[in-house]
Structure formats: C-alpha cells, structure tokens
$ cat final18.cif   # mmCIF, C-alpha atoms and all ligand atoms
data_run
#
loop_
_atom_site.group_PDB
_atom_site.id
_atom_site.type_symbol
_atom_site.label_atom_id
_atom_site.label_comp_id
_atom_site.auth_asym_id
_atom_site.auth_seq_id
_atom_site.Cartn_x
_atom_site.Cartn_y
_atom_site.Cartn_z
ATOM 1 C CA MET K 1 197.068 104.878 277.801
ATOM 2 C CA VAL K 2 194.793 102.419 276.111
ATOM 3 C CA ARG K 3 192.062 101.299 278.462
ATOM 4 C CA GLN K 4 191.762 97.523 278.317
ATOM 5 C CA GLN K 5 188.151 96.525 278.653
ATOM 6 C CA SER K 6 185.975 93.584 277.990
ATOM 7 C CA GLY K 7 183.154 94.377 275.664
ATOM 8 C CA THR K 8 182.355 94.345 271.996
ATOM 9 C CA ASP K 9 184.587 92.783 269.341
ATOM 10 C CA SER K 10 185.373 96.254 268.101
ATOM 11 C CA GLU K 11 186.776 97.253 271.512
ATOM 12 C CA THR K 12 188.896 94.108 271.662
ATOM 13 C CA LEU K 13 190.200 94.681 268.154
ATOM 14 C CA VAL K 14 191.207 98.268 268.737
ATOM 15 C CA CYS K 15 193.009 97.308 271.977
ATOM 16 C CA GLU K 16 194.876 94.576 270.119
ATOM 17 C CA LEU K 17 195.858 96.952 267.322
ATOM 18 C CA ALA K 18 197.069 99.580 269.772
ATOM 19 C CA GLY K 19 198.980 96.932 271.763
ATOM 20 C CA GLN K 20 200.705 95.684 268.604
ATOM 21 C CA PHE K 21 201.651 99.245 267.757
ATOM 22 C CA LEU K 22 203.022 99.969 271.234
ATOM 23 C CA LYS K 23 205.032 96.732 271.380
ATOM 24 C CA GLY K 24 206.356 96.475 267.829
ATOM 25 C CA GLY K 25 205.241 99.582 265.937
ATOM 26 C CA ARG K 26 202.825 97.519 263.825
ATOM 27 C CA LEU K 27 200.127 99.487 262.010
ATOM 28 C CA PRO K 28 196.993 98.153 260.333
ATOM 29 C CA SER K 29 197.805 98.908 256.700
ATOM 30 C CA ALA K 30 200.561 99.631 254.206
ATOM 31 C CA ASP K 31 198.970 103.049 253.740
ATOM 32 C CA CYS K 32 199.622 103.786 257.433
ATOM 33 C CA ARG K 33 203.276 102.908 257.018
ATOM 34 C CA ARG K 34 203.604 105.268 254.035
ATOM 35 C CA LEU K 35 202.356 108.271 256.047
ATOM 36 C CA THR K 36 204.833 111.138 255.931
ATOM 37 C CA THR K 37 205.115 114.282 258.049
ATOM 38 C CA ALA K 38 204.205 117.762 256.847
ATOM 39 C CA THR K 39 204.638 121.234 258.223
ATOM 40 C CA PRO K 40 201.646 122.332 260.321
ATOM 41 C CA ALA K 41 200.864 124.959 257.650
ATOM 42 C CA ALA K 42 200.616 122.236 254.982
ATOM 43 C CA LEU K 43 198.648 119.951 257.297
ATOM 44 C CA TYR K 44 196.062 122.618 258.238
ATOM 45 C CA SER K 45 195.720 123.463 254.529
ATOM 46 C CA ASP K 46 194.479 119.923 253.920
ATOM 47 C CA ALA K 47 190.662 119.935 253.809
ATOM 48 C CA ASP K 48 190.154 116.681 255.771
ATOM 49 C CA PHE K 49 192.550 117.605 258.545
ATOM 50 C CA ALA K 50 191.255 121.188 258.673
ATOM 51 C CA ALA K 51 187.701 119.886 259.191
ATOM 52 C CA LEU K 52 188.886 117.742 262.121
ATOM 53 C CA ALA K 53 190.848 120.671 263.581
ATOM 54 C CA VAL K 54 187.798 122.944 263.432
ATOM 55 C CA GLU K 55 185.712 120.356 265.296
ATOM 56 C CA ARG K 56 188.379 120.142 267.988
ATOM 57 C CA GLN K 57 188.753 123.922 268.287
ATOM 58 C CA LEU K 58 185.010 124.271 268.837
ATOM 59 C CA GLU K 59 184.849 121.479 271.444
ATOM 60 C CA PRO K 60 185.053 123.068 274.919
ATOM 61 C CA GLY K 61 185.755 119.790 276.716
ATOM 62 C CA THR K 62 189.250 119.262 275.333
ATOM 63 C CA ASP K 63 192.415 121.226 274.748
ATOM 64 C CA ASP K 64 193.225 119.198 271.676
ATOM 65 C CA GLY K 65 192.620 122.011 269.146
ATOM 66 C CA SER K 66 192.427 125.094 271.380
ATOM 67 C CA ARG K 67 192.890 125.550 275.100
ATOM 68 C CA ARG K 68 189.713 125.030 277.132
ATOM 69 C CA PRO K 69 187.558 128.174 277.558
ATOM 70 C CA GLY K 70 188.618 128.664 281.218
ATOM 71 C CA ALA K 71 192.304 128.473 280.287
ATOM 72 C CA ARG K 72 191.825 130.927 277.412
ATOM 73 C CA LEU K 73 190.240 133.369 279.828
ATOM 74 C CA ARG K 74 193.146 133.044 282.284
ATOM 75 C CA GLU K 75 195.593 133.571 279.414
ATOM 76 C CA VAL K 76 194.141 136.888 278.220
ATOM 77 C CA GLU K 77 193.966 138.016 281.841
ATOM 78 C CA LEU K 78 197.774 137.698 281.991
ATOM 79 C CA LEU K 79 197.969 140.778 279.788
ATOM 80 C CA PRO K 80 198.126 144.067 281.690
ATOM 81 C CA GLY K 81 195.139 146.405 281.779
ATOM 82 C CA ASN K 82 191.697 145.933 280.385
ATOM 83 C CA ASP K 83 192.045 147.379 276.897
ATOM 84 C CA ARG K 84 193.561 145.196 274.183
ATOM 85 C CA GLY K 85 193.390 147.982 271.568
ATOM 86 C CA ARG K 86 194.116 146.706 268.056
ATOM 87 C CA VAL K 87 194.461 142.920 268.322
ATOM 88 C CA LEU K 88 196.523 140.875 265.873
ATOM 89 C CA ASP K 89 195.782 137.161 266.362
ATOM 90 C CA LEU K 90 198.355 135.062 264.498
ATOM 91 C CA MET K 91 197.177 131.497 263.719
ATOM 92 C CA CYS K 92 193.752 132.545 265.025
ATOM 93 C CA GLY K 93 191.844 129.348 264.163
ATOM 94 C CA VAL K 94 188.097 129.795 264.694
ATOM 95 C CA GLY K 95 188.636 133.028 266.669
ATOM 96 C CA ASN K 96 188.403 131.561 270.170
ATOM 97 C CA TYR K 97 190.610 134.295 271.639
ATOM 98 C CA LEU K 98 188.310 137.049 270.423
ATOM 99 C CA ALA K 99 185.628 135.280 272.476
ATOM 100 C CA ALA K 100 188.042 135.077 275.430
ATOM 101 C CA ILE K 101 188.722 138.831 275.303
ATOM 102 C CA VAL K 102 184.998 139.549 275.277
ATOM 103 C CA ASP K 103 184.292 136.972 278.021
ATOM 104 C CA ALA K 104 187.053 138.481 280.177
ATOM 105 C CA GLY K 105 185.204 141.810 279.969
ATOM 106 C CA GLN K 106 188.120 143.413 278.119
ATOM 107 C CA ARG K 107 187.808 146.085 275.464
ATOM 108 C CA TYR K 108 189.336 146.008 271.995
ATOM 109 C CA ARG K 109 189.321 148.549 269.198
ATOM 110 C CA SER K 110 189.790 146.135 266.299
ATOM 111 C CA TYR K 111 190.712 142.525 265.691
ATOM 112 C CA LEU K 112 192.595 140.948 262.787
ATOM 113 C CA GLY K 113 192.876 137.156 262.783
ATOM 114 C CA ILE K 114 195.219 135.425 260.333
ATOM 115 C CA ASP K 115 195.172 131.706 259.637
ATOM 116 C CA VAL K 116 196.127 129.284 256.885
ATOM 117 C CA SER K 117 192.984 127.140 257.272
ATOM 118 C CA THR K 118 190.084 128.218 255.062
ATOM 119 C CA ALA K 119 187.772 125.950 257.093
ATOM 120 C CA ALA K 120 188.690 127.669 260.382
ATOM 121 C CA LEU K 121 188.321 131.103 258.784
ATOM 122 C CA ALA K 122 184.863 130.262 257.413
ATOM 123 C CA VAL K 123 183.714 129.341 260.930
ATOM 124 C CA ALA K 124 185.392 132.411 262.436
ATOM 125 C CA ARG K 125 183.666 134.721 259.940
ATOM 126 C CA SER K 126 180.293 133.155 260.629
ATOM 127 C CA ARG K 127 180.807 133.581 264.393
ATOM 128 C CA TYR K 128 181.837 137.233 264.025
ATOM 129 C CA PRO K 129 180.070 138.644 260.968
ATOM 130 C CA ALA K 130 180.071 142.276 262.142
ATOM 131 C CA GLY K 131 182.174 144.850 263.913
ATOM 132 C CA PRO K 132 185.776 145.964 263.460
ATOM 133 C CA ILE K 133 186.770 142.332 262.935
ATOM 134 C CA ARG K 134 188.568 140.756 259.997
ATOM 135 C CA PHE K 135 189.856 137.284 259.253
ATOM 136 C CA VAL K 136 192.524 136.893 256.586
ATOM 137 C CA HIS K 137 193.886 133.791 254.908
ATOM 138 C CA ALA K 138 197.695 133.686 254.952
ATOM 139 C CA ASP K 139 200.707 131.739 256.156
ATOM 140 C CA VAL K 140 202.052 133.903 258.983
ATOM 141 C CA SER K 141 205.531 132.410 258.650
ATOM 142 C CA GLU K 142 205.906 133.886 255.156
ATOM 143 C CA ASP K 143 207.839 137.138 255.356
ATOM 144 C CA ASP K 144 205.513 138.816 252.843
ATOM 145 C CA THR K 145 202.411 138.271 255.029
ATOM 146 C CA ALA K 146 201.704 141.805 256.230
ATOM 147 C CA LEU K 147 201.328 142.212 259.981
ATOM 148 C CA GLU K 148 199.338 145.369 260.609
ATOM 149 C CA PRO K 149 200.151 147.846 263.408
ATOM 150 C CA CYS K 150 198.626 146.609 266.652
ATOM 151 C CA ASP K 151 198.586 146.922 270.440
ATOM 152 C CA THR K 152 198.227 143.219 271.248
ATOM 153 C CA VAL K 153 199.692 140.228 269.415
ATOM 154 C CA LEU K 154 198.328 136.778 270.219
ATOM 155 C CA LEU K 155 200.487 133.733 269.483
ATOM 156 C CA THR K 156 198.369 131.204 271.346
ATOM 157 C CA TYR K 157 198.453 127.444 271.603
ATOM 158 C CA GLU K 158 202.099 126.892 270.802
ATOM 159 C CA ALA K 159 201.911 129.005 267.633
ATOM 160 C CA LEU K 160 205.680 129.517 267.475
ATOM 161 C CA ASN K 161 206.197 125.750 267.863
ATOM 162 C CA HIS K 162 204.358 125.340 264.556
ATOM 163 C CA VAL K 163 207.306 126.751 262.604
ATOM 164 C CA ASP K 164 211.042 126.062 262.762
ATOM 165 C CA PHE K 165 213.622 128.149 264.580
ATOM 166 C CA ASP K 166 214.407 130.522 261.698
ATOM 167 C CA ALA K 167 210.753 131.139 260.888
ATOM 168 C CA ALA K 168 209.881 131.589 264.591
ATOM 169 C CA ARG K 169 212.691 134.103 265.050
ATOM 170 C CA ARG K 170 211.630 136.063 261.957
ATOM 171 C CA LEU K 171 207.944 135.939 262.913
ATOM 172 C CA LEU K 172 208.636 137.249 266.408
ATOM 173 C CA ARG K 173 210.751 140.047 264.974
ATOM 174 C CA ARG K 174 207.980 141.001 262.508
ATOM 175 C CA ALA K 175 205.382 140.857 265.292
ATOM 176 C CA ALA K 176 207.566 143.173 267.397
ATOM 177 C CA GLY K 177 207.808 145.517 264.392
ATOM 178 C CA ALA K 178 204.002 145.693 264.175
ATOM 179 C CA LEU K 179 203.570 146.204 267.933
ATOM 180 C CA ALA K 180 202.927 149.692 269.342
ATOM 181 C CA PRO K 181 205.595 150.968 271.796
ATOM 182 C CA ASP K 182 203.419 150.176 274.833
ATOM 183 C CA GLY K 183 201.867 147.025 273.357
ATOM 184 C CA HIS K 184 202.153 143.379 274.487
ATOM 185 C CA ILE K 185 202.578 139.971 272.916
ATOM 186 C CA LEU K 186 201.079 136.874 274.532
ATOM 187 C CA ALA K 187 202.998 133.790 273.408
ATOM 188 C CA ASP K 188 202.044 130.272 274.493
ATOM 189 C CA LEU K 189 205.147 128.249 273.743
ATOM 190 C CA ALA K 190 206.122 124.673 274.607
ATOM 191 C CA LEU K 191 209.744 124.206 275.638
ATOM 192 C CA ALA K 192 212.122 121.373 274.821
ATOM 193 C CA ASP K 193 212.869 120.465 278.467
ATOM 194 C CA GLY K 194 212.147 116.841 279.233
ATOM 195 C CA LEU K 195 211.349 115.769 275.683
ATOM 196 C CA PRO K 196 212.494 112.252 274.799
ATOM 197 C CA ALA K 197 215.767 112.081 272.870
ATOM 198 C CA SER K 198 214.910 108.892 270.974
ATOM 199 C CA PRO K 199 211.842 107.704 269.048
ATOM 200 C CA PHE K 200 208.787 106.948 271.194
ATOM 201 C CA ARG K 201 205.293 105.538 270.850
ATOM 202 C CA THR K 202 202.211 106.394 272.879
ATOM 203 C CA ALA K 203 198.502 105.688 272.688
ATOM 204 C CA ALA K 204 195.429 107.356 274.135
ATOM 205 C CA GLU K 205 191.789 106.415 274.082
ATOM 206 C CA LEU K 206 189.611 108.975 272.358
ATOM 207 C CA PRO K 207 186.009 109.600 273.304
ATOM 208 C CA ASP K 208 183.378 107.863 271.194
ATOM 209 C CA GLY K 209 182.396 109.949 268.226
ATOM 210 C CA TYR K 210 185.752 111.738 268.254
ATOM 211 C CA ARG K 211 185.006 112.846 264.732
ATOM 212 C CA ALA K 212 181.389 113.454 263.802
ATOM 213 C CA GLY K 213 180.036 110.150 262.517
ATOM 214 C CA ASP K 214 182.971 107.998 263.654
ATOM 215 C CA PRO K 215 182.135 104.760 265.386
ATOM 216 C CA GLY K 216 183.679 104.397 268.839
ATOM 217 C CA PRO K 217 185.793 103.291 270.530
ATOM 218 C CA CYS K 218 188.740 104.936 268.912
ATOM 219 C CA VAL K 219 192.386 105.020 269.959
ATOM 220 C CA ALA K 220 194.977 107.514 268.762
ATOM 221 C CA VAL K 221 198.413 105.983 268.477
ATOM 222 C CA VAL K 222 201.310 108.371 268.131
ATOM 223 C CA GLU K 223 204.840 107.848 266.941
ATOM 224 C CA GLY K 224 207.305 110.644 267.646
ATOM 225 C CA VAL K 225 210.752 110.858 266.098
ATOM 226 C CA PRO K 226 212.863 113.598 267.676
ATOM 227 C CA THR K 227 215.869 115.227 266.076
ATOM 228 C CA ARG K 228 218.104 117.758 267.745
ATOM 229 C CA ALA K 229 217.314 120.780 265.586
ATOM 230 C CA ALA K 230 219.669 123.300 267.115
ATOM 231 C CA PRO K 231 218.834 125.253 269.106
ATOM 232 C CA GLY K 232 216.055 122.994 270.295
ATOM 233 C CA VAL K 233 214.310 119.756 269.375
ATOM 234 C CA SER K 234 212.154 119.016 266.363
ATOM 235 C CA ILE K 235 209.699 116.112 266.547
ATOM 236 C CA ALA K 236 208.097 114.413 263.563
ATOM 237 C CA TYR K 237 204.745 113.004 264.746
ATOM 238 C CA ARG K 238 202.636 110.406 262.992
ATOM 239 C CA VAL K 239 199.164 109.933 264.441
ATOM 240 C CA HIS K 240 196.681 107.173 263.549
ATOM 241 C CA HIS K 241 193.088 107.007 264.761
ATOM 242 C CA LEU K 242 192.321 103.330 265.109
ATOM 243 C CA ALA K 243 188.814 101.905 265.368
ATOM 244 C CA GLY K 244 187.713 98.316 264.935
ATOM 245 C CA ASP K 245 190.374 96.623 262.805
ATOM 246 C CA ARG K 246 191.477 99.654 260.818
ATOM 247 C CA CYS K 247 192.877 103.127 260.793
ATOM 248 C CA LEU K 248 190.098 105.678 260.233
ATOM 249 C CA PHE K 249 192.271 108.696 259.756
ATOM 250 C CA HIS K 250 195.921 109.584 260.046
ATOM 251 C CA PHE K 251 198.172 112.576 259.746
ATOM 252 C CA GLY K 252 201.812 113.521 260.209
ATOM 253 C CA TYR K 253 203.339 116.815 261.204
ATOM 254 C CA ARG K 254 206.467 118.374 262.643
ATOM 255 C CA GLN K 255 206.757 120.648 265.697
ATOM 256 C CA TRP K 256 209.803 122.518 266.942
ATOM 257 C CA TYR K 257 210.560 123.072 270.639
ATOM 258 C CA PRO K 258 213.116 125.668 271.770
ATOM 259 C CA THR K 259 215.220 125.509 274.895
ATOM 260 C CA ALA K 260 214.626 128.234 277.499
ATOM 261 C CA SER K 261 217.871 129.927 276.483
ATOM 262 C CA THR K 262 216.791 129.938 272.818
ATOM 263 C CA VAL K 263 213.571 131.681 273.804
ATOM 264 C CA ALA K 264 215.589 134.279 275.698
ATOM 265 C CA ARG K 265 217.800 134.868 272.638
ATOM 266 C CA MET K 266 214.832 135.071 270.230
ATOM 267 C CA VAL K 267 213.055 137.561 272.476
ATOM 268 C CA ALA K 268 216.168 139.739 272.815
ATOM 269 C CA ALA K 269 216.868 139.587 269.057
ATOM 270 C CA ALA K 270 213.337 140.916 268.424
ATOM 271 C CA GLY K 271 214.023 143.898 270.722
ATOM 272 C CA LEU K 272 211.603 142.533 273.319
ATOM 273 C CA VAL K 273 211.740 141.621 277.001
ATOM 274 C CA VAL K 274 209.773 139.037 278.967
ATOM 275 C CA SER K 275 207.532 141.038 281.285
ATOM 276 C CA GLY K 276 205.808 137.932 282.643
ATOM 277 C CA GLU K 277 206.341 134.174 282.437
ATOM 278 C CA HIS K 278 203.545 131.884 283.575
ATOM 279 C CA ARG K 279 202.734 128.222 283.672
ATOM 280 C CA LEU K 280 198.984 127.767 283.446
ATOM 281 C CA HIS K 281 198.960 124.024 282.872
ATOM 282 C CA GLY K 282 200.068 121.699 285.640
ATOM 283 C CA PRO K 283 200.233 117.952 286.035
ATOM 284 C CA ALA K 284 196.915 117.872 287.891
ATOM 285 C CA GLY K 285 193.542 117.645 286.185
ATOM 286 C CA ASP K 286 192.636 116.120 282.869
ATOM 287 C CA GLU K 287 194.993 118.014 280.582
ATOM 288 C CA PRO K 288 197.243 115.928 278.355
ATOM 289 C CA ASP K 289 200.886 115.663 279.460
ATOM 290 C CA ALA K 290 202.018 117.692 276.461
ATOM 291 C CA ALA K 291 200.223 120.780 277.808
ATOM 292 C CA HIS K 292 202.552 120.843 280.809
ATOM 293 C CA ARG K 293 205.416 121.921 278.603
ATOM 294 C CA ALA K 294 203.657 125.152 277.626
ATOM 295 C CA ARG K 295 204.741 128.467 279.108
ATOM 296 C CA HIS K 296 202.851 131.692 278.690
ATOM 297 C CA PHE K 297 205.150 134.597 277.986
ATOM 298 C CA VAL K 298 204.012 138.206 278.095
ATOM 299 C CA LEU K 299 206.445 140.210 275.964
ATOM 300 C CA ALA K 300 206.918 143.960 275.678
ATOM 301 C CA HIS K 301 209.333 146.311 273.924
ATOM 302 C CA ARG K 302 212.679 146.680 275.625
HETATM 303 C C1 LIG V 1 196.236 124.454 267.471
HETATM 304 S S1 LIG V 1 195.337 125.541 266.431
HETATM 305 C C2 LIG V 1 195.151 126.961 267.491
HETATM 306 C C3 LIG V 1 194.171 127.998 267.019
HETATM 307 C C4 LIG V 1 194.085 129.239 267.917
HETATM 308 N N1 LIG V 1 195.350 129.939 267.961
HETATM 309 C C5 LIG V 1 193.676 128.858 269.314
HETATM 310 O O1 LIG V 1 194.542 128.799 270.178
HETATM 311 O O2 LIG V 1 192.474 128.621 269.519
HETATM 312 C C6 LIG V 1 196.598 126.070 265.302
HETATM 313 C C7 LIG V 1 196.113 127.003 264.208
HETATM 314 O O3 LIG V 1 197.251 127.526 263.522
HETATM 315 C C8 LIG V 1 196.980 127.566 262.137
HETATM 316 N N2 LIG V 1 198.288 127.575 261.469
HETATM 317 C C9 LIG V 1 199.272 126.641 261.561
HETATM 318 N N3 LIG V 1 200.364 127.050 260.891
HETATM 319 C C10 LIG V 1 200.060 128.256 260.360
HETATM 320 C C11 LIG V 1 200.782 129.198 259.579
HETATM 321 N N4 LIG V 1 202.054 128.963 259.207
HETATM 322 N N5 LIG V 1 200.171 130.359 259.229
HETATM 323 C C12 LIG V 1 198.878 130.615 259.595
HETATM 324 N N6 LIG V 1 198.147 129.753 260.332
HETATM 325 C C13 LIG V 1 198.727 128.603 260.719
HETATM 326 C C14 LIG V 1 196.116 126.368 261.885
HETATM 327 O O4 LIG V 1 195.343 126.490 260.719
HETATM 328 C C15 LIG V 1 195.265 126.329 263.156
HETATM 329 O O5 LIG V 1 194.050 127.021 262.995
#

$ encode --input "final18.cif" --output "structure tokens"
Amino acid sequence: MVRQQSGTDSETLVCELAGQFLKGGRLPSADCRRLTTATPAALYSDADFAALAVERQLEPGTDDGSRRPGARLREVELLPGNDRGRVLDLMCGVGNYLAAIVDAGQRYRSYLGIDVSTAALAVARSRYPAGPIRFVHADVSEDDTALEPCDTVLLTYEALNHVDFDAARRLLRRAAGALAPDGHILADLALADGLPASPFRTAAELPDGYRAGDPGPCVAVVEGVPTRAAPGVSIAYRVHHLAGDRCLFHFGYRQWYPTASTVARMVAAAGLVVSGEHRLHGPAGDEPDAAHRARHFVLAHR
C-alpha cells in the first residue's frame, strides 16, 4: 500500500493523489480517465510500454517483468533431466529463460524465442548474438505463427494468461503438436481462485527511478474490473504511475485467469497430462500478492 511519509511536497502530493484514487477513484487528468484496456499483445507492441517492460525484465530485484533470477532457476529445474534439447520459448521477452537454462547447468541443442515486442527481441539478440539461437517476431496466439518441432516448450510468467480462453486452448494444442513424444512443457499459469468478483482499486509504492529518468517517489495505482469470462475470470486493468501532482505514464490491459478445472480440460484437450504441479511463490518474502496465484505445471504427452 501507499507508504504515508512526511517529507518533500512531491511525496505529500503523490500520497494525496493515491488516497483520492483509493477512496473515490479520482485520477489526476482527463487523459487518465480516457485510458482504455488493450490485449497484452497490443500493449507490448507499443514502443513506450515495450521500453518499460524491457527495463523491468532486465531488473533482477523485482518480478514485475520476469520472475527473479533465483525463481527462474528453480522453474527450469522442475523439468526432468538435464538436457532441454530443442527449446521453444513462447513470449520469450529478453531471453531470461535461456540464461536460466545455462545457469542451471542444463544442456540445450537449440533455442527459438518468439515474442511480439521488437524492443525485447533487440535486447535478446544483443545478449545472445551467436550459437544455435534465434529470436523471431510474432504473435504466438495467431494460428499461423509456426511453432517448430521441439523437446521443451516454455510458457513462463503467466504466458497463457496473456490470451483469452480460446486462444490459450489453441496455443496449448499447437505447442503439444510441436512437442516431441518425450518432450515437456513448462507453463507458469495464474489461476482464478480467490480473485475479486467486483471492481477493485489498489496502490503500491514504486522504488525511486522506477523508469530510467523518472523522479521519485512514484506510486502505481491500479483499477481492476473483473468479468466472469467462462470458464474463468477476465480482468481489465488500468495502471497509472503517479509522481508529484501528475500521472507520468499509464497503460491498460486485459488478463484471463482459468479455474483449475478449466486448466485440466485444456490440458486433456491438447492430448497432454500434468506430470508435475508446483507452487514456487508463497505469501512469504517480498513477492507481490499476484505472484501467489501462479502455478507451475510440467506437461507431457498422454
Ligand atoms: C511478462 S513478460 C515475460 C517474458 C518472459 N516470458 C519471461 O518470463 O521472462 C511477457 C512477454 O510476452 C510477450 N507477449 C505478450 N503477448 C504476446 C503474444 N500474443 N505473442 C508473443 N509475445 C507476446 C511480451 O512482449 C513480453 O515480452
């Protein structure tokens, strides 16, 4: 929540703004009120948002854009054996999971990362300029995005939550089609359990300099509007980064959360079984509450 503190005028102002938002939904400008929600694919295709997302994915001290390095390591270690073979990383971002595979001392034969953000791909290519490694620009939820034959599919950081039920079901089926008979899929997926049923508002203080060059302090205020999007819950989020007496940056997006039984049906419909279900994020520590909803499923052919 917003830390109340005595201090500079700017700190007082941002606390007031956040308080007004939490109590009455008031936002600093008409522009803030006009903010709409987009699909994650559209949002990450926006240059300004993509630049912010890349900064967050590269920041090891937060799991805002990618899980923290230690968590990524534990995730890839959930997969059986030590050889990932041909890796297909869907919504790969800056390629953090290629680093995790290497850091875990695992082998891989090749790696193909697909992402819709040109900014993330540019960073990924500069981090991994050589080897049997490729990064391709595409929307993985489009049925005509080719998924090459592979031994490991990575759907990390709530990748399937980034698309709606139909797209998630089709994507999982296509991933299963690309997967070798003895291959595995690692899917980090947040479930609908415990999500609020009616609109909610929250606020969280962000570290100073949250975006390069931003003045601190900065508070992110979030409005979530859930709808029952059978079979699960869809939430339209609108996020505003407040500093001083104004909103520095805002964005809106939609995420979909399946129920546990929907996950079971999706997995079965793709011809897969859950060979392991894990919960790496708990209520302890400094992870945001949202992370606690994530499950890590290891999937294999039936
Ligand atoms: C939260 S980040 C996670 C990145 C990476 N998977 C990780 O865990 O470090 C989500 C990524 O998914 C990408 N993305 C979102 N929707 C996508 C889509 N439909 N097709 C391809 N990439 C997408 C974004 O550009 C972004 O890089």

$ residues_near_ligand --input "final18.cif" --ligand "ligand LIG 1 (chain V)" --cutoff "9 Å" --atoms "only C-alpha atoms and all ligand atoms" --output "ChimeraX atom specification"
/K:39-45,50,53-54,56-58,63-68,72,89-97,114-121,137-142,154-160,162-163,188

$ atom_distance --input "final18.cif" --atom1 "atom CA of K:His281" --atom2 "atom CA of K:Asp103"
20.2 Å

$ closest_residue --input "final18.cif" --among "K:Thr37, K:Ala187, K:Arg125, K:Ala270" --to "K:Leu78" --atoms "all atoms listed in the file"
K:Ala187

$ residues_around --input "final18.cif" --residues "stretch 294-298 of chain K" --least-positions-apart "5" --cutoff "6 Å" --atoms "only C-alpha atoms" --output "PDB file with C-alpha atoms, in the frame of the given file"
ATOM      1  CA  ILE K 185     202.578 139.971 272.916  1.00  0.00           C
ATOM      2  CA  LEU K 186     201.079 136.874 274.532  1.00  0.00           C
ATOM      3  CA  ALA K 187     202.998 133.790 273.408  1.00  0.00           C
ATOM      4  CA  ASP K 188     202.044 130.272 274.493  1.00  0.00           C
ATOM      5  CA  LEU K 189     205.147 128.249 273.743  1.00  0.00           C
ATOM      6  CA  ALA K 190     206.122 124.673 274.607  1.00  0.00           C
ATOM      7  CA  VAL K 274     209.773 139.037 278.967  1.00  0.00           C
ATOM      8  CA  SER K 275     207.532 141.038 281.285  1.00  0.00           C
ATOM      9  CA  GLY K 276     205.808 137.932 282.643  1.00  0.00           C
ATOM     10  CA  GLU K 277     206.341 134.174 282.437  1.00  0.00           C
ATOM     11  CA  HIS K 278     203.545 131.884 283.575  1.00  0.00           C
ATOM     12  CA  ARG K 279     202.734 128.222 283.672  1.00  0.00           C
TER      13      ARG K 279
END

$ resolve_selection --input "final18.cif" --expression "the PyMOL selection byres (((chain K and resi 105) around 12) and not hetatm)" --output "list in words"
Leu73, Val76, Glu77, Gly81, Asn82, Asp83, Arg84, Leu98, Ala99, Ala100, Ile101, Val102, Asp103, Ala104, Gln106, Arg107 and Tyr108 of chain K

$ residues_around --input "final18.cif" --residues "K:Asp245" --least-positions-apart "2" --cutoff "7 Å" --atoms "all atoms listed in the file" --output "list in words"
Leu13, Val14 and Ala243 of chain K

$ write_last_selection --input "final18.cif" --atoms "C-alpha atoms" --output "PDB file, keeping the file's coordinate frame"
ATOM      1  CA  LEU K  13     190.200  94.681 268.154  1.00  0.00           C
ATOM      2  CA  VAL K  14     191.207  98.268 268.737  1.00  0.00           C
ATOM      3  CA  ALA K 243     188.814 101.905 265.368  1.00  0.00           C
TER       4      ALA K 243
END

$ decode --input "final18.cif" --residues "stretch 242-255 of chain K" --atoms "N, CA and C atoms" --output "short mmCIF file (atom, residue, chain, number, x, y, z; two decimals), in the first residue's frame"
data_model
loop_
_atom_site.label_atom_id
_atom_site.label_comp_id
_atom_site.auth_asym_id
_atom_site.auth_seq_id
_atom_site.Cartn_x
_atom_site.Cartn_y
_atom_site.Cartn_z
N LEU K 242 1.90 7.48 -10.70
CA LEU K 242 1.72 8.85 -10.23
C LEU K 242 3.00 9.35 -9.58
N ALA K 243 3.37 10.57 -9.90
CA ALA K 243 4.52 11.22 -9.24
C ALA K 243 4.21 12.70 -9.15
N GLY K 244 4.58 13.31 -8.02
CA GLY K 244 4.24 14.72 -7.85
C GLY K 244 2.73 14.88 -7.96
N ASP K 245 2.28 15.81 -8.82
CA ASP K 245 0.84 16.04 -8.94
C ASP K 245 0.29 15.52 -10.25
N ARG K 246 1.01 14.55 -10.86
CA ARG K 246 0.52 14.09 -12.17
C ARG K 246 0.79 12.62 -12.40
N CYS K 247 0.19 12.16 -13.49
CA CYS K 247 0.41 10.78 -13.91
C CYS K 247 1.53 10.79 -14.96
N LEU K 248 2.61 10.06 -14.67
CA LEU K 248 3.76 10.04 -15.58
C LEU K 248 3.52 9.13 -16.78
N PHE K 249 2.80 8.05 -16.50
CA PHE K 249 2.70 7.01 -17.52
C PHE K 249 1.53 6.12 -17.14
N HIS K 250 0.75 5.71 -18.12
CA HIS K 250 -0.32 4.77 -17.77
C HIS K 250 -0.56 3.79 -18.91
N PHE K 251 -1.15 2.69 -18.53
CA PHE K 251 -1.43 1.65 -19.54
C PHE K 251 -2.59 0.79 -19.04
N GLY K 252 -3.28 0.16 -20.01
CA GLY K 252 -4.40 -0.71 -19.67
C GLY K 252 -4.27 -2.01 -20.42
N TYR K 253 -4.60 -3.09 -19.77
CA TYR K 253 -4.52 -4.39 -20.44
C TYR K 253 -5.49 -5.36 -19.79
N ARG K 254 -5.67 -6.50 -20.44
CA ARG K 254 -6.63 -7.49 -20.00
C ARG K 254 -5.91 -8.81 -19.80
N GLN K 255 -6.19 -9.49 -18.69
CA GLN K 255 -5.61 -10.83 -18.45
C GLN K 255 -6.76 -11.79 -18.19
#
